[in-house]
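Student: My questions all concern the structure below.
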Amino acid sequence: MQTFTPTTDAVGGSVMWTALVSLIPLLTFFIMLVGFKAKAHIAGACALIAAIAIAIFAMSMPAGFALLAATEGAVFGAHPVLFIVISAIWLYQVTVISGRFEDLRSIFDQIGQGDVRVQALLIAFCFGGLLEALAGFGAPVAITATMVMALGIKPLRAACAVLLANTAPVAYGAVAIPITTAGRLTGIDPAHIGAIVGRQAPLLALIVPFILLWILDGRRGLKDAWPVGLVVALSFSASQYWCSNHFSYELTDIVASLVGLASAVIFMRFWKPRGGDEARKRLDIKPAIPASALGASRTTLALAPYVLVIIVFGAAKLGSHIPAWLSSTDIKIPWPIISKGIVDASGDPLGSTTYTLSWLSSPGTLLIITGLLVALLYSIAGKKDEQFRLHFGNAVVEYVRVIYRMRWAAVTIMMVLALAYVMNLSGQTTSIGVWMAGTGAAYAFISPILGWIGTAVTGSDTSANALFAKLQQTAATNAGIDPSLTVAANTAGGVVGKLISPQNLAIAATAAGIPNQESEILRKVMGWSVFLLLILCCLVYLQSDILAGMLPVQ
C-alpha cells in the first residue's frame, strides 16, 4: 500500500524554503479577504486550492491523499464545528420567535443600570468565558454574539466584541482540554502547565475588558465605564491565577467567569456608569422595556435558556461519570486510505486521520437538548399568555430555517477546515513551526507565535497544542530554556490566535447575521491580535530569564 510521511524539508532540502512555501495558503486567504475583499467562501476555496497544490507539488503528497485530507477536514467542519454553530444560533432563535427576546434585553438593562456598554461587557467577557469553559469550539462566540445584538449593539460591532472577549478564557476552554492535551503529548504534568499559563493569560485578561469598552463605544466608552472594566479585569485575572495555581486548572475559567460577573454586579450596586443615555443615542439603541414591568415569571423564562445551558453543559462536562459515558458513545472512523497511508517517521499512522463522530457528547447535541427543553418550557408557558405563544413544532422547524440561512457560511467553515487538514497532514503547518523553532536564544520570544499560528490555522487552541506542544518542548530543551514555559506559551499564544482564525471569523459573521463581512471583521481585530501577541511574547521572554521567579516550582 502507498504511504506518505510528512517532512519539514521537502522543498530543496531546506526547512526555511519549505516553511515559506507553506505560508502561501494562509497568505492567500488573508490577501483575498482583505486585499481583494472576496467573499469568505471564495477566499477559503482559493486558499484550499493553494494548499492542495503545495501538498502535491512541494510536499510530494499523493494527489489522492491531499484530496482525502480535504474531505476529512470538510466533514470535521460540518460536524462538530458547524453543528455547534447552527445549534447555538437556533437556541437564540427560539427565544426570538417565542417573544422572550426583549425581556432578556430588559433584564440585562437592569443589571447594567441602563448602560449597554456594561451589559455587553458582562455578556461577552464573563458569560462568554463561562460558555468557553464548558463548551468551547465556537459555541461561546455564536451564543454571545446573538445576546450582545439583543442589547441593540450593531452586528459588526457585536461580532468584533465577542471575538475579542473570547481570547482571555480560551487556554482553559472546554474544561482546560488544550492544557490537558499538551500535558499528555509532552509528559509534563498538565497542572504545572496550567499553573504557568495562569501566570501569563491573566495579563491578557487585565487588558481585554478595556479594549472591549473601546470597541463598543470608543474613547467615550472607556472614559465612562473604565471603573467596572477594572473590577471585571482584576477579579477575573486574579481568579484565573488563583484557581490555576492553587485549586484546579480544569475549573479555572468557570471560577474566574463567575467571580468576575459577581464582582461586577456587586460593584454596580454602589456605582453607576456615566453617559449611558448618551451612549444609547450615539449607538442608535432604543430603550428597553423596564425590567420592573416584567414580573418574576417573565424574568425567569427570559433567563431560562442560558441557565439551562449552564446546567446541561455543567452536567455533561464536569465530574467523571456522565462525561465518561458520553465520551464512550463517540464513534471512531478511520478515514479511507489515509488512515493507514499517512504515517509518521516510525511508520505509525497519524491519529488525526481517524475521524471521531461525537454524536452525543458534542456541544452541538447538548445545545439541541437545551433548545428542546426551552421550546417545551416556552410552549407550555405560552398557553397561559397569548403574547408569548410558541408551538413546539414551530421551534423544531426553525432549526431547518437556520440551516438554510447559514448555507454559505457552512461552505466557508467547511473550506477553512479542509484547508487546515491539508496543511496539517501534508506537513505544511509543522514546517512553519520547525523553521520558527530554529531561532536559538530568541526562541522564548518566538514560542507564543507558534501557538498563535497554530490556532489561526486550525481554529482551536487544542489543535495548536496537538501540532506544536512536542516541538516546543524539544526546541526549548535544545535552546536551554525551561520546556514547560514554552509549552505553556504555545497555549497562551493560541489564545490570541483564535481572534483571527478564519473559522472563528466565519462563526462570528454568521452569528451576527453579516455573512461575507469576515474581511471587515478581520481588519478591525487584526491589530488587537498582534498587539496582545507582542505583549505575551515580551512576557514569556522575560519569564525565561529576568522574571524566571514568576514561574512555579514543579
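Here, A, B, ... name the chains of the C-alpha cells in the order displayed, residue numbers run from 1 inside each chain, and ligands are numbered from 1 in the same displayed order.
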Each residue of stretch 411-472 of chain A lying at most 7 Å from stretch 530-537 of chain A should get a row with its shortest atom-to-atom pair and the distance in Å to one decimal, counting only C-alpha atoms; could you produce that, ordered by chain and increasing number, as JSON lines?
Tutor:
{"residue": "A:Phe445", "atom": "CA", "partner": "A:Cys537", "partner_atom": "CA", "distance": 4.8}
{"residue": "A:Ile446", "atom": "CA", "partner": "A:Cys537", "partner_atom": "CA", "distance": 6.6}
{"residue": "A:Pro448", "atom": "CA", "partner": "A:Cys537", "partner_atom": "CA", "distance": 6.0}
Student: Compile the contact shell of stretch 83-96 of chain A as a ChimeraX atom specification: residues with an atom at most 6 Å away, counting only C-alpha atoms, same-chain residues fewer than 3 positions apart removed.
Tutor: /A:79-80,99-101,139,142-143,364,367-368,371,395,399
Student: Of the residues A:Asp103, A:Asp461, A:Glu520, A:Asp348, which is the one nearest to A:Thr491, using only C-alpha atoms?
Tutor: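 Smallest distance to A:Thr491 is found for A:Asp461.
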Student: Counting only C-alpha atoms, which residues in stretch 199-235 of chain A sit no more than 12 Å from stretch 240-258 of chain A? For each one, give the nearest pair of atoms and the distance in Å, sorted by chain then residue number, as JSON lines.
Tutor:
{"residue": "A:Arg199", "atom": "CA", "partner": "A:Tyr241", "partner_atom": "CA", "distance": 6.2}
{"residue": "A:Gln200", "atom": "CA", "partner": "A:Tyr241", "partner_atom": "CA", "distance": 8.7}
{"residue": "A:Ala201", "atom": "CA", "partner": "A:Gln240", "partner_atom": "CA", "distance": 8.0}
{"residue": "A:Pro202", "atom": "CA", "partner": "A:Gln240", "partner_atom": "CA", "distance": 6.3}
{"residue": "A:Leu203", "atom": "CA", "partner": "A:Tyr241", "partner_atom": "CA", "distance": 9.7}
{"residue": "A:Leu204", "atom": "CA", "partner": "A:Gln240", "partner_atom": "CA", "distance": 11.0}
{"residue": "A:Ala205", "atom": "CA", "partner": "A:Gln240", "partner_atom": "CA", "distance": 8.8}
{"residue": "A:Leu206", "atom": "CA", "partner": "A:Gln240", "partner_atom": "CA", "distance": 10.7}
{"residue": "A:Val232", "atom": "CA", "partner": "A:Ser257", "partner_atom": "CA", "distance": 9.1}
{"residue": "A:Ala233", "atom": "CA", "partner": "A:Ala256", "partner_atom": "CA", "distance": 10.0}
{"residue": "A:Leu234", "atom": "CA", "partner": "A:Gln240", "partner_atom": "CA", "distance": 9.8}
{"residue": "A:Ser235", "atom": "CA", "partner": "A:Ala256", "partner_atom": "CA", "distance": 7.3}
Student: Find the spatial neighbours of A:Ile285, counting only C-alpha atoms, within a cut-off of 12 Å - ignore same-chain residues fewer than 5 positions away - and output them as a list of chain:residue names.
Tutor: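 Residues near the query, excluding close chain neighbours: A:Arg105, A:Asp109, A:Gly114, A:Asp115, A:Val116, A:Arg117, A:Val148, A:Met149, A:Ala150, A:Leu151, A:Gly152, A:Ile153, A:Lys154, A:Gly276, A:Asp277, A:Glu278, A:Ala279, A:Arg280.
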Student: Residues of stretch 57-143 of chain A that approach stretch 411-422 of chain A to 9 Å or less, counting only C-alpha atoms: could you list each one with the shortest pair of atoms and its distance in Å to one decimal, rows by chain and increasing residue number, as JSON lines?
Tutor:
{"residue": "A:Phe65", "atom": "CA", "partner": "A:Val422", "partner_atom": "CA", "distance": 9.0}
{"residue": "A:Ala66", "atom": "CA", "partner": "A:Val422", "partner_atom": "CA", "distance": 6.1}
{"residue": "A:Leu67", "atom": "CA", "partner": "A:Val422", "partner_atom": "CA", "distance": 8.0}
{"residue": "A:Leu68", "atom": "CA", "partner": "A:Val422", "partner_atom": "CA", "distance": 8.7}
{"residue": "A:Ala69", "atom": "CA", "partner": "A:Val422", "partner_atom": "CA", "distance": 5.4}
{"residue": "A:Ala70", "atom": "CA", "partner": "A:Ala418", "partner_atom": "CA", "distance": 4.3}
{"residue": "A:Thr71", "atom": "CA", "partner": "A:Ala418", "partner_atom": "CA", "distance": 6.4}
{"residue": "A:Glu72", "atom": "CA", "partner": "A:Ala418", "partner_atom": "CA", "distance": 6.9}
{"residue": "A:Gly73", "atom": "CA", "partner": "A:Ala418", "partner_atom": "CA", "distance": 3.9}
{"residue": "A:Ala74", "atom": "CA", "partner": "A:Met414", "partner_atom": "CA", "distance": 4.3}
{"residue": "A:Val75", "atom": "CA", "partner": "A:Met414", "partner_atom": "CA", "distance": 7.0}
{"residue": "A:Phe76", "atom": "CA", "partner": "A:Leu417", "partner_atom": "CA", "distance": 7.0}
{"residue": "A:Gly77", "atom": "CA", "partner": "A:Met414", "partner_atom": "CA", "distance": 4.5}
{"residue": "A:Ala78", "atom": "CA", "partner": "A:Met414", "partner_atom": "CA", "distance": 6.1}
{"residue": "A:Val81", "atom": "CA", "partner": "A:Ile413", "partner_atom": "CA", "distance": 7.9}
{"residue": "A:Leu82", "atom": "CA", "partner": "A:Ile413", "partner_atom": "CA", "distance": 7.0}
Student: Restricted to N, CA and C atoms, what would the selected residues look like written as a PDB file, in the first residue's frame?
Tutor:
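To be explicit, this is the file written out as out39.pdb:
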ATOM      1  N   PHE A  65      -4.288  11.470  -1.616  1.00  0.00           N
ATOM      2  CA  PHE A  65      -4.173  11.710  -0.169  1.00  0.00           C
ATOM      3  C   PHE A  65      -4.568  13.147   0.167  1.00  0.00           C
ATOM      4  N   ALA A  66      -4.094  14.094  -0.659  1.00  0.00           N
ATOM      5  CA  ALA A  66      -4.401  15.502  -0.395  1.00  0.00           C
ATOM      6  C   ALA A  66      -5.907  15.762  -0.473  1.00  0.00           C
ATOM      7  N   LEU A  67      -6.544  15.170  -1.470  1.00  0.00           N
ATOM      8  CA  LEU A  67      -7.990  15.355  -1.625  1.00  0.00           C
ATOM      9  C   LEU A  67      -8.751  14.688  -0.485  1.00  0.00           C
ATOM     10  N   LEU A  68      -8.306  13.525  -0.058  1.00  0.00           N
ATOM     11  CA  LEU A  68      -8.962  12.836   1.054  1.00  0.00           C
ATOM     12  C   LEU A  68      -8.772  13.604   2.367  1.00  0.00           C
ATOM     13  N   ALA A  69      -7.585  14.198   2.548  1.00  0.00           N
ATOM     14  CA  ALA A  69      -7.356  15.036   3.736  1.00  0.00           C
ATOM     15  C   ALA A  69      -8.330  16.200   3.746  1.00  0.00           C
ATOM     16  N   ALA A  70      -8.565  16.781   2.564  1.00  0.00           N
ATOM     17  CA  ALA A  70      -9.514  17.890   2.467  1.00  0.00           C
ATOM     18  C   ALA A  70     -10.926  17.443   2.813  1.00  0.00           C
ATOM     19  N   THR A  71     -11.309  16.236   2.375  1.00  0.00           N
ATOM     20  CA  THR A  71     -12.665  15.761   2.678  1.00  0.00           C
ATOM     21  C   THR A  71     -12.843  15.512   4.169  1.00  0.00           C
ATOM     22  N   GLU A  72     -11.790  14.980   4.821  1.00  0.00           N
ATOM     23  CA  GLU A  72     -11.903  14.774   6.273  1.00  0.00           C
ATOM     24  C   GLU A  72     -12.062  16.106   6.990  1.00  0.00           C
ATOM     25  N   GLY A  73     -11.283  17.104   6.570  1.00  0.00           N
ATOM     26  CA  GLY A  73     -11.405  18.418   7.178  1.00  0.00           C
ATOM     27  C   GLY A  73     -12.779  19.027   6.954  1.00  0.00           C
ATOM     28  N   ALA A  74     -13.318  18.855   5.748  1.00  0.00           N
ATOM     29  CA  ALA A  74     -14.648  19.397   5.457  1.00  0.00           C
ATOM     30  C   ALA A  74     -15.707  18.730   6.321  1.00  0.00           C
ATOM     31  N   VAL A  75     -15.598  17.421   6.499  1.00  0.00           N
ATOM     32  CA  VAL A  75     -16.561  16.709   7.351  1.00  0.00           C
ATOM     33  C   VAL A  75     -16.427  17.171   8.800  1.00  0.00           C
ATOM     34  N   PHE A  76     -15.187  17.369   9.263  1.00  0.00           N
ATOM     35  CA  PHE A  76     -14.986  17.882  10.612  1.00  0.00           C
ATOM     36  C   PHE A  76     -15.575  19.287  10.740  1.00  0.00           C
ATOM     37  N   GLY A  77     -15.468  20.070   9.656  1.00  0.00           N
ATOM     38  CA  GLY A  77     -16.071  21.398   9.671  1.00  0.00           C
ATOM     39  C   GLY A  77     -17.579  21.333   9.801  1.00  0.00           C
ATOM     40  N   ALA A  78     -18.170  20.305   9.157  1.00  0.00           N
ATOM     41  CA  ALA A  78     -19.630  20.144   9.255  1.00  0.00           C
ATOM     42  C   ALA A  78     -20.039  19.639  10.622  1.00  0.00           C
ATOM     43  N   VAL A  81     -18.033  21.321  14.182  1.00  0.00           N
ATOM     44  CA  VAL A  81     -17.953  22.777  14.227  1.00  0.00           C
ATOM     45  C   VAL A  81     -19.256  23.443  13.769  1.00  0.00           C
ATOM     46  N   LEU A  82     -19.673  23.156  12.536  1.00  0.00           N
ATOM     47  CA  LEU A  82     -20.881  23.786  12.006  1.00  0.00           C
ATOM     48  C   LEU A  82     -22.121  23.376  12.804  1.00  0.00           C
TER      49      LEU A  82
END
Student: Report the residues of stretch 160-351 of chain A whose backbone DSSP state falls under alpha helix (DSSP H), written as a count of residues only.
Tutor: 132
